[in-house]
Every structure is written in C-alpha cells, then in structure tokens.
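Peer 1: To be precise about what I am sending: the file is called work28.txt and holds compact mmCIF, C-alpha atoms.
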# COMPACT_ATOMS: atom_id res chain seq x y z
CA MET H 1 20.68 3.86 -15.63
CA ILE H 2 17.06 2.69 -15.56
CA ILE H 3 16.22 -0.74 -16.99
CA GLY H 4 12.81 -2.21 -17.75
CA CYS H 5 13.11 -5.99 -17.80
CA ASP H 6 10.61 -8.46 -19.24
CA PHE H 7 11.84 -11.64 -17.52
CA HIS H 8 11.38 -15.16 -18.93
CA PRO H 9 12.85 -18.48 -17.73
CA SER H 10 15.42 -18.72 -20.54
CA PHE H 11 15.92 -15.08 -21.53
CA GLN H 12 14.98 -11.48 -20.76
CA GLN H 13 14.10 -8.51 -22.94
CA ILE H 14 15.39 -5.21 -21.60
CA ALA H 15 14.83 -1.54 -22.40
CA CYS H 16 17.50 0.79 -20.92
CA MET H 17 17.70 4.54 -20.52
CA GLU H 18 20.78 6.44 -19.36
CA GLU H 19 19.35 9.49 -17.58
CA GLU H 20 22.41 11.72 -17.91
CA THR H 21 23.11 11.16 -21.61
CA GLY H 22 19.64 10.14 -22.79
CA GLU H 23 21.13 7.06 -24.47
CA TYR H 24 18.54 4.37 -25.16
CA LEU H 25 19.14 0.64 -25.65
CA GLU H 26 17.05 -2.48 -26.28
CA ARG H 27 18.51 -5.97 -26.02
CA ARG H 28 17.51 -9.58 -25.65
CA LEU H 29 19.75 -11.36 -23.13
CA SER H 30 20.01 -15.14 -22.82
CA HIS H 31 20.21 -16.72 -19.35
CA ARG H 32 22.55 -16.95 -17.62
CA GLY H 33 25.80 -16.17 -19.38
CA GLU H 34 24.83 -13.25 -21.61
CA ALA H 35 22.61 -11.61 -18.99
CA GLU H 36 25.20 -12.00 -16.22
CA ALA H 37 27.94 -10.52 -18.40
CA PHE H 38 25.78 -7.51 -19.25
CA TYR H 39 24.91 -6.66 -15.65
CA ARG H 40 28.47 -7.19 -14.47
CA SER H 41 29.59 -4.66 -17.07
CA LEU H 42 27.43 -2.08 -15.22
CA ALA H 43 29.20 -2.64 -11.89
CA GLY H 44 29.96 0.66 -10.18
CA LYS H 45 27.08 2.50 -11.85
CA ALA H 46 23.81 3.54 -10.25
CA VAL H 47 21.38 1.05 -11.80
CA ARG H 48 17.67 0.64 -11.11
CA ILE H 49 15.93 -2.40 -12.59
CA GLY H 50 12.20 -3.08 -12.71
CA VAL H 51 10.76 -6.55 -13.28
CA GLU H 52 7.36 -8.20 -12.89
CA ALA H 53 6.86 -10.64 -10.05
CA THR H 54 7.59 -14.07 -11.49
CA GLY H 55 9.33 -17.36 -10.73
CA ASN H 56 12.65 -19.00 -11.66
CA ASP H 57 14.50 -15.79 -10.79
CA ARG H 58 16.38 -16.53 -7.55
CA TRP H 59 19.74 -16.45 -9.33
CA PHE H 60 18.84 -13.05 -10.79
CA HIS H 61 18.01 -11.58 -7.39
CA LYS H 62 21.29 -12.92 -5.95
CA LEU H 63 23.27 -11.45 -8.84
CA MET H 64 21.69 -8.00 -8.47
CA SER H 65 22.34 -8.05 -4.73
CA GLU H 66 25.96 -9.05 -5.32
CA LEU H 67 26.48 -6.24 -7.85
CA GLY H 68 24.69 -3.63 -5.73
CA HIS H 69 22.04 -2.88 -8.35
CA GLU H 70 18.60 -1.76 -7.13
CA LEU H 71 16.02 -4.36 -8.15
CA LEU H 72 12.32 -3.50 -7.90
CA VAL H 73 9.72 -6.24 -8.25
CA GLY H 74 6.32 -5.04 -9.44
CA ASP H 75 2.78 -6.30 -9.07
CA ALA H 76 2.14 -8.08 -12.39
CA SER H 77 -1.62 -7.42 -12.38
CA ALA H 78 -1.11 -3.69 -11.72
CA ILE H 79 1.50 -3.47 -14.47
CA HIS H 80 -0.82 -5.13 -16.98
CA ALA H 81 -3.75 -2.96 -15.91
CA SER H 82 -1.75 0.18 -16.63
CA ALA H 83 -1.22 -0.99 -20.24
CA PRO H 84 -4.73 -1.57 -21.64
CA ARG H 85 -3.56 -2.04 -25.23
CA GLU H 86 -4.26 -5.58 -26.44
CA GLN H 87 -1.04 -5.91 -28.46
CA ARG H 88 1.60 -7.39 -26.17
CA THR H 89 5.14 -8.37 -27.09
CA ASP H 90 8.34 -8.75 -25.10
CA LYS H 91 9.66 -5.43 -26.41
CA ARG H 92 6.40 -3.61 -25.58
CA ASP H 93 6.40 -5.05 -22.06
CA ALA H 94 10.01 -3.99 -21.42
CA ARG H 95 9.30 -0.49 -22.73
CA HIS H 96 6.19 -0.24 -20.57
CA ILE H 97 8.09 -1.23 -17.42
CA LEU H 98 10.80 1.32 -18.28
CA ARG H 99 8.14 4.03 -18.74
CA LEU H 100 6.60 3.25 -15.35
CA LEU H 101 10.01 3.48 -13.69
CA MET H 102 10.85 6.81 -15.29
CA GLU H 103 7.44 8.26 -14.37
CA ASN H 104 7.66 6.95 -10.77
CA ARG H 105 4.52 4.89 -11.31
CA PHE H 106 6.08 1.44 -10.98
CA PRO H 107 3.92 -0.65 -8.57
CA ALA H 108 6.77 -2.09 -6.48
CA ILE H 109 5.86 -4.75 -3.92
CA TRP H 110 7.47 -5.73 -0.61
CA GLN H 111 10.32 -8.23 -0.87
CA PRO H 112 11.40 -10.56 1.97
CA SER H 113 14.96 -10.57 3.24
CA VAL H 114 17.44 -13.34 2.47
CA GLY H 115 17.01 -14.84 5.94
CA ASN H 116 13.25 -14.73 5.57
CA GLN H 117 13.45 -16.60 2.27
CA GLU H 118 15.73 -19.26 3.76
CA GLN H 119 13.27 -20.01 6.56
CA ARG H 120 10.40 -20.03 4.07
CA GLN H 121 12.18 -22.81 2.21
CA LEU H 122 12.35 -24.80 5.44
CA LEU H 123 8.59 -24.44 5.94
CA LEU H 124 7.79 -25.17 2.31
CA HIS H 125 9.98 -28.28 2.27
CA ARG H 126 8.50 -29.56 5.51
CA CYS H 127 4.87 -28.98 4.46
CA ARG H 128 5.34 -30.64 1.09
CA LEU H 129 6.87 -33.71 2.69
CA VAL H 130 3.96 -33.83 5.14
CA ARG H 131 1.53 -33.76 2.22
CA MET H 132 3.40 -36.61 0.56
CA ARG H 133 3.22 -38.59 3.81
CA THR H 134 -0.51 -37.93 4.02
CA ARG H 135 -1.00 -39.32 0.50
CA ILE H 136 0.86 -42.47 1.53
CA LYS H 137 -1.37 -42.85 4.60
CA ASN H 138 -4.46 -42.36 2.45
CA GLN H 139 -3.35 -45.18 0.15
CA LEU H 140 -2.88 -47.48 3.13
CA ASP H 141 -6.33 -46.54 4.44
CA SER H 142 -7.74 -47.34 1.01
CA ILE H 143 -6.20 -50.81 1.17
CA ALA H 144 -7.68 -51.28 4.65
CA LYS H 145 -11.17 -50.27 3.53
CA ASN H 146 -10.93 -52.54 0.51
CA GLU H 147 -10.35 -55.43 2.92
CA GLY H 148 -13.29 -54.45 5.13
CA LEU H 149 -11.24 -52.80 7.89
CA THR H 150 -13.30 -49.86 9.16
CA GLY H 151 -12.86 -47.50 12.07
CA SER H 152 -11.14 -44.20 12.67
CA ARG H 153 -8.77 -42.90 10.02
CA VAL H 154 -6.60 -41.22 12.68
CA TRP H 155 -3.14 -42.66 12.16
CA LYS H 156 -1.90 -44.28 15.35
CA ALA H 157 0.23 -47.30 16.21
CA LYS H 158 -2.89 -49.44 16.55
CA ARG H 159 -4.08 -48.45 13.07
CA ARG H 160 -0.76 -49.45 11.56
CA GLN H 161 -0.81 -52.79 13.37
CA GLN H 162 -4.25 -53.50 11.98
CA ILE H 163 -3.10 -52.75 8.43
CA GLU H 164 0.03 -54.88 8.84
CA ALA H 165 -2.12 -57.80 10.08
CA LEU H 166 -4.37 -57.84 7.00
CA PRO H 167 -4.12 -61.19 5.12
CA LEU H 168 -2.86 -59.87 1.78
CA SER H 169 -0.99 -61.74 -0.93
CA GLY H 170 0.64 -61.04 -4.27
CA TRP H 171 0.95 -57.47 -5.40
CA TYR H 172 -1.47 -56.29 -2.72
CA ALA H 173 1.01 -57.37 -0.06
CA GLU H 174 3.90 -55.92 -2.07
CA ARG H 175 2.13 -52.58 -2.35
CA ARG H 176 1.47 -52.50 1.40
CA LYS H 177 5.10 -53.32 2.17
CA ASP H 178 6.40 -50.57 -0.12
CA LEU H 179 3.99 -47.98 1.25
CA LEU H 180 4.91 -48.79 4.85
CA ALA H 181 8.60 -48.51 3.96
CA LEU H 182 7.97 -45.14 2.33
CA LEU H 183 6.02 -44.03 5.39
CA ASP H 184 8.93 -44.89 7.67
CA GLU H 185 11.33 -43.02 5.39
CA MET H 186 9.09 -39.93 5.34
CA ASP H 187 8.93 -39.94 9.14
CA LYS H 188 12.73 -39.93 9.28
CA LEU H 189 12.91 -36.98 6.87
CA ILE H 190 10.20 -34.90 8.56
CA GLU H 191 11.36 -35.31 12.17
CA PRO H 192 14.52 -33.10 11.88
CA LEU H 193 12.52 -30.53 9.92
CA ASP H 194 9.99 -30.34 12.74
CA GLU H 195 12.84 -29.74 15.18
CA ALA H 196 14.27 -27.00 12.97
CA VAL H 197 10.89 -25.26 12.69
CA ARG H 198 10.36 -25.49 16.44
CA ALA H 199 13.80 -24.00 17.12
CA ALA H 200 13.23 -21.16 14.65
CA ALA H 201 9.84 -20.36 16.20
CA GLU H 202 11.32 -20.29 19.71
CA GLN H 203 13.87 -17.71 18.57
CA ASN H 204 11.21 -15.48 17.04
CA ALA H 205 9.39 -13.30 19.59
CA GLU H 206 6.40 -12.65 17.30
CA ALA H 207 5.98 -16.36 16.56
CA GLN H 208 6.06 -17.12 20.29
CA LEU H 209 3.30 -14.54 20.84
CA LEU H 210 1.09 -16.12 18.18
CA MET H 211 1.62 -19.62 19.60
CA THR H 212 -0.42 -18.61 22.65
CA HIS H 213 -3.51 -18.85 20.41
CA PRO H 214 -5.24 -22.28 20.37
CA GLY H 215 -4.59 -24.20 17.19
CA VAL H 216 -1.49 -22.16 16.33
CA GLY H 217 1.73 -24.12 16.67
CA PRO H 218 5.30 -23.48 15.54
CA VAL H 219 4.56 -24.15 11.86
CA VAL H 220 1.53 -21.86 11.60
CA SER H 221 2.99 -19.07 13.72
CA LEU H 222 6.37 -19.01 11.98
CA SER H 223 4.71 -19.17 8.54
CA TYR H 224 2.42 -16.29 9.46
CA VAL H 225 5.27 -14.09 10.68
CA LEU H 226 7.52 -14.81 7.70
CA ILE H 227 4.91 -14.53 4.96
CA LEU H 228 3.12 -11.51 6.40
CA GLY H 229 6.47 -9.83 6.90
CA ASP H 230 6.21 -6.35 8.37
CA TRP H 231 2.63 -6.21 9.69
CA ARG H 232 2.86 -2.40 9.68
CA ARG H 233 2.29 -2.60 5.93
CA PHE H 234 -1.38 -3.32 6.66
CA PRO H 235 -3.40 -0.45 8.16
CA ARG H 236 -6.40 -2.67 8.90
CA GLY H 237 -7.13 -6.31 9.57
CA LYS H 238 -9.41 -6.63 6.55
CA GLN H 239 -6.43 -5.97 4.28
CA VAL H 240 -4.67 -8.99 5.76
CA GLY H 241 -7.58 -11.21 4.71
CA SER H 242 -7.40 -9.74 1.22
CA TYR H 243 -3.61 -10.19 1.07
CA LEU H 244 -3.98 -13.89 1.91
CA GLY H 245 -6.81 -14.47 -0.58
CA LEU H 246 -9.35 -15.35 2.13
CA ILE H 247 -12.03 -12.87 1.04
CA PRO H 248 -14.75 -13.70 -1.51
CA ALA H 249 -14.58 -12.48 -5.07
CA GLU H 250 -17.26 -9.90 -5.84
CA ALA H 251 -19.08 -8.94 -9.04
CA SER H 252 -21.39 -6.04 -8.14
CA SER H 253 -22.03 -3.05 -10.36
CA GLY H 254 -24.69 -0.41 -10.78
CA LYS H 255 -28.14 -1.44 -9.62
CA HIS H 256 -27.41 -5.13 -9.78
CA GLN H 257 -27.66 -7.18 -6.62
CA GLN H 258 -24.41 -7.83 -4.81
CA GLN H 259 -22.88 -11.05 -6.11
CA MET H 260 -20.26 -12.84 -4.05
CA GLY H 261 -18.21 -15.79 -5.30
CA HIS H 262 -15.55 -18.13 -4.01
CA ILE H 263 -12.53 -16.79 -2.16
CA THR H 264 -10.02 -15.08 -4.41
CA LYS H 265 -7.02 -17.30 -3.49
CA GLN H 266 -4.77 -14.43 -4.57
CA GLY H 267 -2.43 -14.77 -1.63
CA ASN H 268 0.20 -17.20 -0.41
CA THR H 269 -1.05 -20.76 -0.91
CA LEU H 270 1.00 -22.28 1.90
CA LEU H 271 -0.15 -19.89 4.63
CA ARG H 272 -3.77 -20.02 3.49
CA TRP H 273 -3.71 -23.83 3.69
CA LEU H 274 -2.12 -23.78 7.15
CA LEU H 275 -4.69 -21.30 8.47
CA VAL H 276 -7.54 -23.47 7.20
CA GLU H 277 -5.97 -26.50 8.89
CA ALA H 278 -5.61 -24.56 12.16
CA ALA H 279 -9.18 -23.23 12.01
CA THR H 280 -10.75 -26.50 13.21
CA LYS H 281 -9.01 -26.43 16.60
CA ALA H 282 -9.20 -22.64 16.91
CA GLN H 283 -13.00 -22.58 16.63
CA SER H 284 -13.39 -25.17 19.39
CA LYS H 285 -11.90 -22.69 21.91
CA ASP H 286 -14.01 -19.66 20.95
CA PRO H 287 -17.80 -19.92 21.59
CA SER H 288 -18.81 -17.35 18.96
CA TRP H 289 -16.51 -18.88 16.36
CA HIS H 290 -17.86 -22.33 17.20
CA ARG H 291 -21.47 -21.18 16.72
CA GLN H 292 -20.64 -19.73 13.33
CA TYR H 293 -18.70 -22.85 12.38
CA VAL H 294 -21.62 -25.13 13.25
CA ARG H 295 -24.15 -22.89 11.49
CA LEU H 296 -22.12 -22.70 8.27
CA SER H 297 -21.37 -26.42 8.37
CA MET H 298 -25.09 -27.23 8.57
CA ASN H 299 -26.35 -24.60 6.12
CA LYS H 300 -23.56 -24.73 3.56
CA HIS H 301 -20.51 -26.99 3.90
CA HIS H 302 -17.82 -27.69 6.46
CA GLY H 303 -15.23 -26.42 3.96
CA VAL H 304 -16.95 -23.04 3.84
CA ALA H 305 -17.03 -22.99 7.63
CA LYS H 306 -13.31 -23.71 7.94
CA VAL H 307 -12.41 -20.96 5.47
CA ALA H 308 -14.58 -18.46 7.34
CA ILE H 309 -12.86 -19.29 10.62
CA ALA H 310 -9.45 -19.19 8.90
CA HIS H 311 -10.23 -15.61 7.83
CA LYS H 312 -11.09 -14.65 11.40
CA LEU H 313 -7.96 -16.37 12.67
CA ALA H 314 -5.78 -14.47 10.19
CA VAL H 315 -7.24 -11.16 11.33
CA ARG H 316 -6.96 -12.00 15.03
CA LEU H 317 -3.31 -12.99 14.68
CA TYR H 318 -2.68 -9.66 12.96
CA TRP H 319 -4.21 -7.79 15.89
CA MET H 320 -2.19 -9.85 18.36
CA LEU H 321 0.96 -8.66 16.60
CA ARG H 322 -0.28 -5.10 16.39
CA SER H 323 -1.40 -4.84 20.02
CA GLY H 324 1.39 -6.99 21.46
CA GLN H 325 -1.15 -9.00 23.46
CA ASN H 326 -1.20 -12.77 23.82
CA TYR H 327 -4.35 -14.86 23.45
CA ARG H 328 -5.31 -14.76 27.14
CA GLN H 329 -5.00 -10.96 27.25
CA ILE H 330 -7.08 -10.64 24.09
CA VAL H 331 -9.87 -12.74 25.61
CA GLU H 332 -9.74 -11.29 29.14
CA ARG H 333 -9.76 -7.67 28.03
CA GLY H 334 -12.29 -8.31 25.31
CA SER H 335 -10.23 -6.42 22.76
CA HIS H 336 -11.10 -8.82 19.99
CA ALA H 337 -13.64 -11.28 21.39
CA GLY H 338 -16.41 -8.72 20.99
CA GLN H 339 -15.50 -8.26 17.34
CA SER H 340 -15.62 -11.92 16.36
CA ASP H 341 -19.06 -11.57 14.79
CA LEU H 342 -17.99 -8.64 12.62
CA ALA H 343 -16.72 -9.29 9.12
CA GLY H 344 -12.97 -9.36 9.43
CA GLY H 345 -12.98 -7.92 12.95
CA CYS H 346 -12.18 -4.48 11.57
CA GLY H 347 -13.59 -2.61 14.52
CA LEU H 348 -10.69 -3.46 16.82
CA ARG H 349 -8.25 -0.69 17.65
CA PRO H 350 -4.69 -1.34 18.78
CA ILE H 351 -3.95 -0.98 22.47
CA ASN H 352 -0.99 1.27 23.26
Would you write out, as structure tokens, the structure that this file holds?

Peer 2:
Amino acid sequence: MIIGCDFHPSFQQIACMEEETGEYLERRLSHRGEAEAFYRSLAGKAVRIGVEATGNDRWFHKLMSELGHELLVGDASAIHASAPREQRTDKRDARHILRLLMENRFPAIWQPSVGNQEQRQLLLHRCRLVRMRTRIKNQLDSIAKNEGLTGSRVWKAKRRQQIEALPLSGWYAERRKDLLALLDEMDKLIEPLDEAVRAAAEQNAEAQLLMTHPGVGPVVSLSYVLILGDWRRFPRGKQVGSYLGLIPAEASSGKHQQQMGHITKQGNTLLRWLLVEAATKAQSKDPSWHRQYVRLSMNKHHGVAKVAIAHKLAVRLYWMLRSGQNYRQIVERGSHAGQSDLAGGCGLRPIN
C-alpha cells in the first residue's frame, strides 16, 4: 500500500493506493486517535508513506517506526516545484504526493537516527538556555551603563561585583536582584548540560577530530557531526556550504549582470549560528583567513566577515572528516591551507 500524506498539526489528509488490487481511498484523519487507529489497522502489510518535511510530527515518526511502516520525508520545496498548478488544497497535495511515490519521483531527504535526534535535543536545549543567559547578562549590562559603569562587557567575577555594588534603590534594585538570581539559576542548569555535551563529544571519534581545529569545541564539533550526518552525502565542499545556508542568494539571468544577495539561510539554524560564533577565533589562527576577515570588516561589516569565515570553516571541517586529517596535518601538508582563498575551498582533493 502506498500512501500520500498531507500532514497538519491537528489532522492529515491521505490518498491511498493498494498496488495489488488497485483499490483507491481518500480520508481525513484527526490526530492522534483516528490516525493512530488507521495505521495500526495496516500492521503486517507492506506500507510506504510519503510526507512533506514539517514539524510537530515526532509522535508520527515513532508510530511508523513501531509499526514497521516505511516513512519517506520529502523536500517540501521540491514537491511544490513539481506541482506548478496554482490551485492547492489538502486533497490535491495528498494526491500529488501519492503520484510522486508511484512514479518513483518522490524527493526523499536524509533522516537522522533516533540516537542522533536525542543528542540534537541535548545541543538544542543547551544552546537555547545559553541564549537566555546571554539576554539576562545584557539586561544587567544595560543597568550598569545606565548608572555610568563603563568598561569591558566580558562577564567575569569582577564585572558582577561592580554591578552588585551599584547604589540602586526601589524597583531598580529589585530588578537587579531578580536578574542575578535568574543568572545563578541558569548557570546551575547549563553546567550539567555542558558536561553531557563534553562526554558525548569525547565518545565520538569524528567530533574529537574536529576539535583539533582552533575555535571548535565540543558543542560546535558535536553539532557539526550530528547535523551534517553522513558526510559522504556531499560530493564536494561547496555543497556543504549550500546545505547549511551559508552561500549567497543569486538572481542572475540572461545578459544581466550577476546579482548576489544575502546568504540563503536555508540550512540548520543552530549549526549556522555556532559556526559564525566559532569563526572569530578560527580566523585568528589562520593568516589568510585573518587577512580576509580584516578586509571584509573594513570594507563591508564585521558580520559579513564572520559569515564568510564561517563558510570557510564549514568546508574545512568537511574536508577534515573526508581526509581523516586533524588540523595540524591539514596545515603542515598544505592540503587545505593553499585553498583558503578559493571560494568554498573546492579545489581540495581527499587524501587516501
């Protein structure tokens, strides 16, 4: 049985075809009870289900895995591009997905394993708590500036002591007290997550290899390995930059001049943010990267410079995985250092 599924948070529209009998069925299934009952009734049958990549579907993936049904997740943009007709309804979408499955044209995408997804949740939870802690620190710095306390914004014990010593009263003092209490609580929550990430990275050979690169710690290396998945999916380094949304959008056609825009941001938001954060330290250890960083910072903006270095870092980490070389070997043998001025470093070949 082949099923085209148009998935929504509260329901799904399906179009089913039984290959042996030719029986056809269309139904609208409410989540979760009606949908779960329907798929459980198919237990023991060979079932292939196609669905667009979407959210709020973890329970659905777990149910299909439990029942042994084959679930294919498709690239939503490719599915829509293959149906140029402007009229779109739930029934049309389900029929279209069913047609792609039956014609072997369904654009299935790679899906991470259950263990991969569990560790991704660890990284996501940790990074979101860190961002919340940063917002708390920024509010405390704002209070300090409002009272004329200048100096470095780097958060250290001395900086906290200075903020605690400010002569505040009323709700200003109450706000400071609450923010400091929240900051202490966030530190308690983040510390065990840092330990868990460090332990997971130490058990992952690929993450350990990437940690030899300056600026790449347990969080960045483990995120890169988990989100990139099987690096063999990417024939070239430039495709890694595209996968992570670190390449510029382009609008060039015919005789018109090439027009480049902002980066596409069509990849994983978490990994892209981590690579940009790691780019600042990474460029300080590579002379050619540092020259480009300084030039772009002066001519354009430091944000543009960090994104450019993040793209180079993403490609270099890919080649470290592909060649099996650590950072020192890459630099000493010149396998990638000579390519750092090329767009994406695509000229590098793997070393056997």

Peer 1: When you draw a straight line from CA of Glu174 (chain H) to CA of Ala157 (chain H), how long is it in Å?

Peer 2: 20.5 Å

Peer 1: Point out the residue among H:Val225, H:Val51, H:Ala201, H:Leu168 with the least atom-to-atom distance to Ala94 (chain H), counting only C-alpha atoms.

Peer 2: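 Comparing H:Val225, H:Val51, H:Ala201, H:Leu168 against Ala94 (chain H), the winner is H:Val51.
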
Peer 1: Please identify all polymer residues within 10 Å of Tyr327 (chain H), counting all atoms listed in the file, omitting same-chain residues fewer than 2 positions from it, and present them as a ChimeraX atom specification.

Peer 2: /H:209-214,316-317,320,324-325,329-332,336

Peer 1: How many Å separate CA of Arg48 (chain H) from CA of Ile2 (chain H)?

Peer 2: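 Spanning CA of Arg48 (chain H) to CA of Ile2 (chain H) is a straight-line distance of 4.9 Å.
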
Peer 1: To one decimal place in Å, what is the distance between CA of Glu52 (chain H) and CA of Val220 (chain H)?

Peer 2: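 Pair CA of Glu52 (chain H) / CA of Val220 (chain H) returns 28.6 Å.
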
Peer 1: Kindly extract all protein, DNA and RNA residues lying within 10 Å of the coordinates (10.0, -5.0, -13.7) given in the file, considering all atoms listed in the file, and supply them as a count of residues only.

Peer 2: 30

Peer 1: Which of these residues is nearest to Leu321 (chain H), using all atoms listed in the file: H:Gly261, H:Gly229, H:Gly267, H:Gly151?

Peer 2: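 Closest candidate: H:Gly229.
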
Peer 1: Which of these residues is nearest to Lys62 (chain H), using only C-alpha atoms: H:Leu140, H:Val114, H:Ala15, H:Ala205?

Peer 2: H:Val114

Peer 1: When you look at region 186-198 of chain H with a cut-off of 12 Å (counting all atoms listed in the file), what residues show up, excluding the ones that are within fewer than 2 positions of it in the same chain? I need them as an MDAnalysis selection string.

Peer 2: chainID H and resid 118:137 179:184 200:204 207:208 211 217:223

Peer 1: Taking 3 positions as the minimum chain separation for residues in the same chain, which residues sit within 8 Å of Ala279 (chain H) when counting only C-alpha atoms? Answer as a VMD selection string.

Peer 2: chain H and resid 215 275 to 276 282 to 283 306 to 307 309 to 310 313

Peer 1: Taking all atoms listed in the file into account, which of H:Ala37, H:Met1, H:Val154, H:Leu296 comes nearest Leu25 (chain H)?

Peer 2: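 Closest candidate: H:Met1.
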
Peer 1: Within 10 Å of Asp141 (chain H), counting only C-alpha atoms, which residues show up once you throw out same-chain ones fewer than 2 positions away? Write them as a list in words, please.

Peer 2: Arg135, Ile136, Lys137, Asn138, Gln139, Ile143, Ala144, Lys145, Asn146, Glu147, Leu149, Thr150, Ser152, Arg153, Val154, Trp155, Arg159, Arg160 and Ile163 of chain H
